[in-house]
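Take a look at the structure set out below.
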Amino acid sequence: MKKSAIKKVVSFAAIVMTAGIFAGCSTAKTQTKGNTQTGNTVKIGVNMELSGAAAGYGNSQKQGIQLAAQQINKNGGINVNGKKKKIKLIIRDNKTSTTTSASVAAQLTNNDKVSAIVGPATTNAGTAEIPNITKAAVPSVSPSATDPNYTKQKNGKVQPYVFRACYQNNFQGGTAAKFMTNNLKAKRVAVYADNSSDYGTGLAKAFKKSFKGTIVDSQYFSEGDKDFNAVLTSFKSKKIDAIYVPGYYTEVGLIVKQARQNGINVPIVGSDGMADPKLAQIAGDKNASKVYYTTPFSDDVAKSNPTAVKFMNEYKAKYHADAPTFSALAYDSVYMIKSAIESEKSADSVKIAQGLAKIKDFDGVTGKITINKNHDPEKPIAIEQLTNGKVSNSFNIK
């Protein structure tokens, strides 16, 4: 290429670049970060495990979300700076897959243009959506992602668009340890944890750190395992007072069943992943006795909370069943988003994130909720006891 031609190309490039810079400045002034909402609706996305391994939780949460949206719309909608707007739910199935969860988050934020997202249910699927919701500046409230680092970046700073309606694993595991010592008087305990995700391993770590007695053995299982007899037999020979089993109902139900079949009748204590009626179905009602689990929502404790009583009554009327923990958490998640919109007088996604971060003494179904600097809720915790497959007692732990 000749020098004269090169000069012309360079000059043209410079003109294009200059124009681009000015265009960029112009765009920066007019473009709004995040998703804005116009019209008479507020679009809320749902990124949820409706199929796959965690479908039990996801479908339970879907029911809580739909009930909350139905109630809000029946009462006129969300008050957005003096104008009532109805909620439009856009529900997508992440199939309990991290890859699909990330894809769903991109669809909801970029194609559907939602203002906020409820979900996912699990920490792994929730973590997978974070890059896409952060890029889009759209907040997400997970009803049940409990890993302590879920709301934090690698540098320790808070994730600006990540929130949750449930407490962290370290609080849950520590509560279980305190309950075993103070209420069950257990001194020798075996730990049998799910190592398939941060959920089980995180809870086990928190429990071990807090338990004041002796951990006589610590073993792990994986998602999908069916036979736990060898480990349970080894526990039986070690004179244990109780077993701590942090995991999901799918495997824990079988562990309870096989423990009782092996003549292990000590208390089995676990986490909120057990707070589903399917646990007793898998274990068998007769086997599901002296079984305890930490939970953010207990029917018994909730009876003294008018907000919870109303929720339980309306849930039963709509679904003809008692309200499970995960429906309650999801229900609160929708109302937290409503509260944020109304406090900020805006349904724009960035404003909603700011409103969620300011929530204080929110009157939730699962108790009073205040969002702290790490976007974690400060709220009550309870422990439920199963006898013959039914909740027979509850403990409000402080």
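Quick note on naming: the chains in the structure tokens go A, B, ... in the order shown, residues restart at 1 in each chain, and ligands are numbered from 1 in order of appearance.
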query: Per DSSP on the backbone, what are the strand (DSSP E) residues of stretch 252-368 of chain A, as a ChimeraX atom specification?
result: /A:268-270,291-295,362-364,367-368
Using only C-alpha atoms: which of A:Ser234, A:Thr181, A:Ser289, A:Thr307 has the shortest distance to A:Asp217: A:Ser234
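Comparing A:Ser144, A:Val269, A:Tyr57, A:Ser210 by their smallest distance to A:Asn183, the closest is A:Val269 (using only C-alpha atoms).
Between A:Glu223 and the candidates A:Ala54, A:Lys379, A:Val42, A:Lys257, the tightest atom-to-atom separation, counting only C-alpha atoms, involves A:Ala54.
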Spatial neighbours of A:Asp300, 9 Å, only C-alpha atoms, chain gap at least 6 places, as a list in words: Glu384, Val391, Asn393, Ser394 and Phe395 of chain A
- line: Correct to one decimal, the distance atom CA of A:Gly119-atom CA of A:Lys278 is 21.2 Å
field: Distance query stretch 44-51 of chain A at most 6 Å, only C-alpha atoms, self and fewer than 4 positions along chain excluded, as a PyMOL selection string
entry: chain A and resi 55+58-59+89-96+114-120
Atoms kept (N, CA, C and O atoms) for selection, written as an mmCIF file, in the first residue's frame:
data_model
loop_
_atom_site.group_PDB
_atom_site.id
_atom_site.type_symbol
_atom_site.label_atom_id
_atom_site.label_comp_id
_atom_site.auth_asym_id
_atom_site.auth_seq_id
_atom_site.Cartn_x
_atom_site.Cartn_y
_atom_site.Cartn_z
ATOM 1 N N ALA A 55 -36.089 -30.540 41.782
ATOM 2 C CA ALA A 55 -37.425 -30.136 41.333
ATOM 3 C C ALA A 55 -38.426 -30.035 42.483
ATOM 4 O O ALA A 55 -39.349 -29.214 42.432
ATOM 5 N N GLY A 58 -37.973 -26.584 43.780
ATOM 6 C CA GLY A 58 -38.354 -25.586 42.797
ATOM 7 C C GLY A 58 -39.854 -25.474 42.608
ATOM 8 O O GLY A 58 -40.396 -24.366 42.537
ATOM 9 N N ASN A 59 -40.534 -26.594 42.530
ATOM 10 C CA ASN A 59 -41.991 -26.550 42.346
ATOM 11 C C ASN A 59 -42.703 -26.035 43.588
ATOM 12 O O ASN A 59 -43.724 -25.350 43.481
ATOM 13 N N LEU A 89 -45.527 -12.548 35.844
ATOM 14 C CA LEU A 89 -44.478 -13.541 36.087
ATOM 15 C C LEU A 89 -44.034 -14.178 34.782
ATOM 16 O O LEU A 89 -44.856 -14.554 33.945
ATOM 17 N N ILE A 90 -42.714 -14.307 34.620
ATOM 18 C CA ILE A 90 -42.155 -15.046 33.491
ATOM 19 C C ILE A 90 -41.340 -16.188 34.087
ATOM 20 O O ILE A 90 -40.268 -15.977 34.646
ATOM 21 N N ILE A 91 -41.885 -17.389 34.002
ATOM 22 C CA ILE A 91 -41.324 -18.554 34.698
ATOM 23 C C ILE A 91 -40.563 -19.447 33.720
ATOM 24 O O ILE A 91 -41.104 -19.854 32.686
ATOM 25 N N ARG A 92 -39.310 -19.734 34.081
ATOM 26 C CA ARG A 92 -38.482 -20.603 33.247
ATOM 27 C C ARG A 92 -37.816 -21.685 34.107
ATOM 28 O O ARG A 92 -37.438 -21.429 35.243
ATOM 29 N N ASP A 93 -37.655 -22.854 33.521
ATOM 30 C CA ASP A 93 -37.089 -24.017 34.210
ATOM 31 C C ASP A 93 -35.582 -24.098 33.944
ATOM 32 O O ASP A 93 -35.152 -24.196 32.795
ATOM 33 N N ASN A 94 -34.771 -24.055 35.024
ATOM 34 C CA ASN A 94 -33.322 -24.206 34.828
ATOM 35 C C ASN A 94 -32.866 -25.668 34.893
ATOM 36 O O ASN A 94 -31.675 -25.956 34.768
ATOM 37 N N LYS A 95 -33.822 -26.586 35.107
ATOM 38 C CA LYS A 95 -33.584 -28.033 35.063
ATOM 39 C C LYS A 95 -32.509 -28.518 36.057
ATOM 40 O O LYS A 95 -31.891 -29.558 35.841
ATOM 41 N N THR A 96 -32.300 -27.765 37.136
ATOM 42 C CA THR A 96 -31.270 -28.079 38.131
ATOM 43 C C THR A 96 -29.899 -28.209 37.462
ATOM 44 O O THR A 96 -29.087 -29.050 37.816
ATOM 45 N N VAL A 114 -36.938 -8.420 32.358
ATOM 46 C CA VAL A 114 -37.555 -8.400 33.684
ATOM 47 C C VAL A 114 -36.857 -7.372 34.577
ATOM 48 O O VAL A 114 -35.693 -7.021 34.359
ATOM 49 N N SER A 115 -37.569 -6.925 35.605
ATOM 50 C CA SER A 115 -37.011 -5.962 36.558
ATOM 51 C C SER A 115 -36.297 -6.648 37.707
ATOM 52 O O SER A 115 -35.438 -6.050 38.354
ATOM 53 N N ALA A 116 -36.689 -7.872 38.001
ATOM 54 C CA ALA A 116 -36.093 -8.634 39.102
ATOM 55 C C ALA A 116 -36.344 -10.107 38.854
ATOM 56 O O ALA A 116 -37.209 -10.477 38.049
ATOM 57 N N ILE A 117 -35.581 -10.939 39.556
ATOM 58 C CA ILE A 117 -35.708 -12.391 39.419
ATOM 59 C C ILE A 117 -35.870 -13.015 40.792
ATOM 60 O O ILE A 117 -35.223 -12.589 41.761
ATOM 61 N N VAL A 118 -36.730 -14.024 40.885
ATOM 62 C CA VAL A 118 -36.805 -14.867 42.074
ATOM 63 C C VAL A 118 -36.191 -16.215 41.702
ATOM 64 O O VAL A 118 -36.579 -16.830 40.710
ATOM 65 N N GLY A 119 -35.211 -16.658 42.514
ATOM 66 C CA GLY A 119 -34.536 -17.913 42.232
ATOM 67 C C GLY A 119 -33.096 -17.666 41.854
ATOM 68 O O GLY A 119 -32.651 -16.518 41.771
ATOM 69 N N PRO A 120 -32.397 -18.762 41.595
ATOM 70 C CA PRO A 120 -32.795 -20.163 41.746
ATOM 71 C C PRO A 120 -32.915 -20.598 43.216
ATOM 72 O O PRO A 120 -32.626 -19.829 44.121
#
message: With distances taken over only C-alpha atoms, which residue among A:Ile341, A:Val138, A:Ala288, A:Leu108 lies nearest A:Leu356?
response: A:Ile341
Mind checking which residues fall within 12 Å of A:Asp227, counting only C-alpha atoms, ignoring those fewer than 6 positions away in the same chain, and posting them as a compact mmCIF listing (two decimals) with N, CA, C and O atoms, in the first residue's frame?
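File produced: part11.txt:
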# COMPACT_ATOMS: atom_id res chain seq x y z
N PHE A 221 -21.52 -38.62 51.47
CA PHE A 221 -22.23 -39.32 50.40
C PHE A 221 -22.40 -38.35 49.25
O PHE A 221 -22.11 -37.15 49.38
N THR A 233 -23.63 -48.82 59.46
CA THR A 233 -23.18 -49.93 60.30
C THR A 233 -21.93 -49.55 61.09
O THR A 233 -21.81 -49.89 62.28
N GLU A 251 -31.76 -38.01 49.46
CA GLU A 251 -30.81 -38.96 50.05
C GLU A 251 -31.05 -39.14 51.54
O GLU A 251 -30.95 -40.26 52.06
N VAL A 252 -31.36 -38.05 52.24
CA VAL A 252 -31.53 -38.15 53.69
C VAL A 252 -32.71 -39.03 54.06
O VAL A 252 -32.68 -39.75 55.05
N GLY A 253 -33.75 -39.01 53.23
CA GLY A 253 -34.89 -39.89 53.48
C GLY A 253 -34.47 -41.35 53.49
O GLY A 253 -34.89 -42.14 54.35
N LEU A 254 -33.60 -41.73 52.56
CA LEU A 254 -33.09 -43.10 52.51
C LEU A 254 -32.16 -43.39 53.68
O LEU A 254 -32.15 -44.51 54.22
N ILE A 255 -31.37 -42.40 54.08
CA ILE A 255 -30.47 -42.59 55.22
C ILE A 255 -31.27 -42.85 56.49
O ILE A 255 -30.96 -43.75 57.28
N VAL A 256 -32.33 -42.09 56.69
CA VAL A 256 -33.20 -42.29 57.85
C VAL A 256 -33.80 -43.70 57.81
O VAL A 256 -33.79 -44.43 58.81
N LYS A 257 -34.31 -44.08 56.66
CA LYS A 257 -34.93 -45.41 56.51
C LYS A 257 -33.94 -46.52 56.82
O LYS A 257 -34.23 -47.44 57.62
N GLN A 258 -32.74 -46.44 56.25
CA GLN A 258 -31.76 -47.51 56.44
C GLN A 258 -31.16 -47.50 57.84
O GLN A 258 -30.82 -48.57 58.38
N ALA A 259 -31.07 -46.32 58.44
CA ALA A 259 -30.58 -46.25 59.83
C ALA A 259 -31.54 -46.99 60.76
O ALA A 259 -31.11 -47.80 61.60
- prompt: Can you list, as a PyMOL selection string, every protein, DNA or RNA residue that comes within 8 Å of stretch 308-325 of chain A when you count only C-alpha atoms, leaving out same-chain residues fewer than 5 positions away?
  reply: chain A and resi 60+64+67+275-277+295-299+302-303+364-366
- line: Across A:Lys345, A:Lys152, A:Lys390, A:Lys205, the smallest distance to A:Asn81, with only C-alpha atoms counted, is shown by A:Lys345
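Between A:Val189 and the residues A:Gly202, A:Gly173, A:Val245, A:Gln168, the shortest atom-to-atom distance, using only C-alpha atoms, involves A:Val245.
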task: Do a neighbour search on A:Thr175 at 12 Å with only C-alpha atoms, toss out local chain neighbours closer than 6 positions, and write the hits as an MDAnalysis selection string.
output: chainID A and resid 167:169 181:183 203:204 206:211 244 269:272 292:296 380:383 395:398
Write out as JSON lines the residues of stretch 144-204 of chain A that have any atom within 10 Å of an atom of stretch 329-333 of chain A, one row each with the nearest atom pair and its distance in Å to one decimal, counting only C-alpha atoms, sorted by chain and then rising number.
{"residue": "A:Ser144", "atom": "CA", "partner": "A:Leu329", "partner_atom": "CA", "distance": 7.1}
{"residue": "A:Phe163", "atom": "CA", "partner": "A:Ser333", "partner_atom": "CA", "distance": 9.4}
{"residue": "A:Arg164", "atom": "CA", "partner": "A:Ser333", "partner_atom": "CA", "distance": 7.7}
{"residue": "A:Ala165", "atom": "CA", "partner": "A:Ser333", "partner_atom": "CA", "distance": 6.0}
{"residue": "A:Cys166", "atom": "CA", "partner": "A:Leu329", "partner_atom": "CA", "distance": 7.1}
message: With DSSP run on the backbone, what are the helix (DSSP H, G or I) residues within stretch 233-276 of chain A? I'd like them as a ChimeraX atom specification.
response: /A:233-236,249-261,272-274
- request: Give me, please, the distance in Å between atom CA of A:Thr109 and atom CA of A:Tyr335, quoted to one decimal.
  value: 20.0 Å
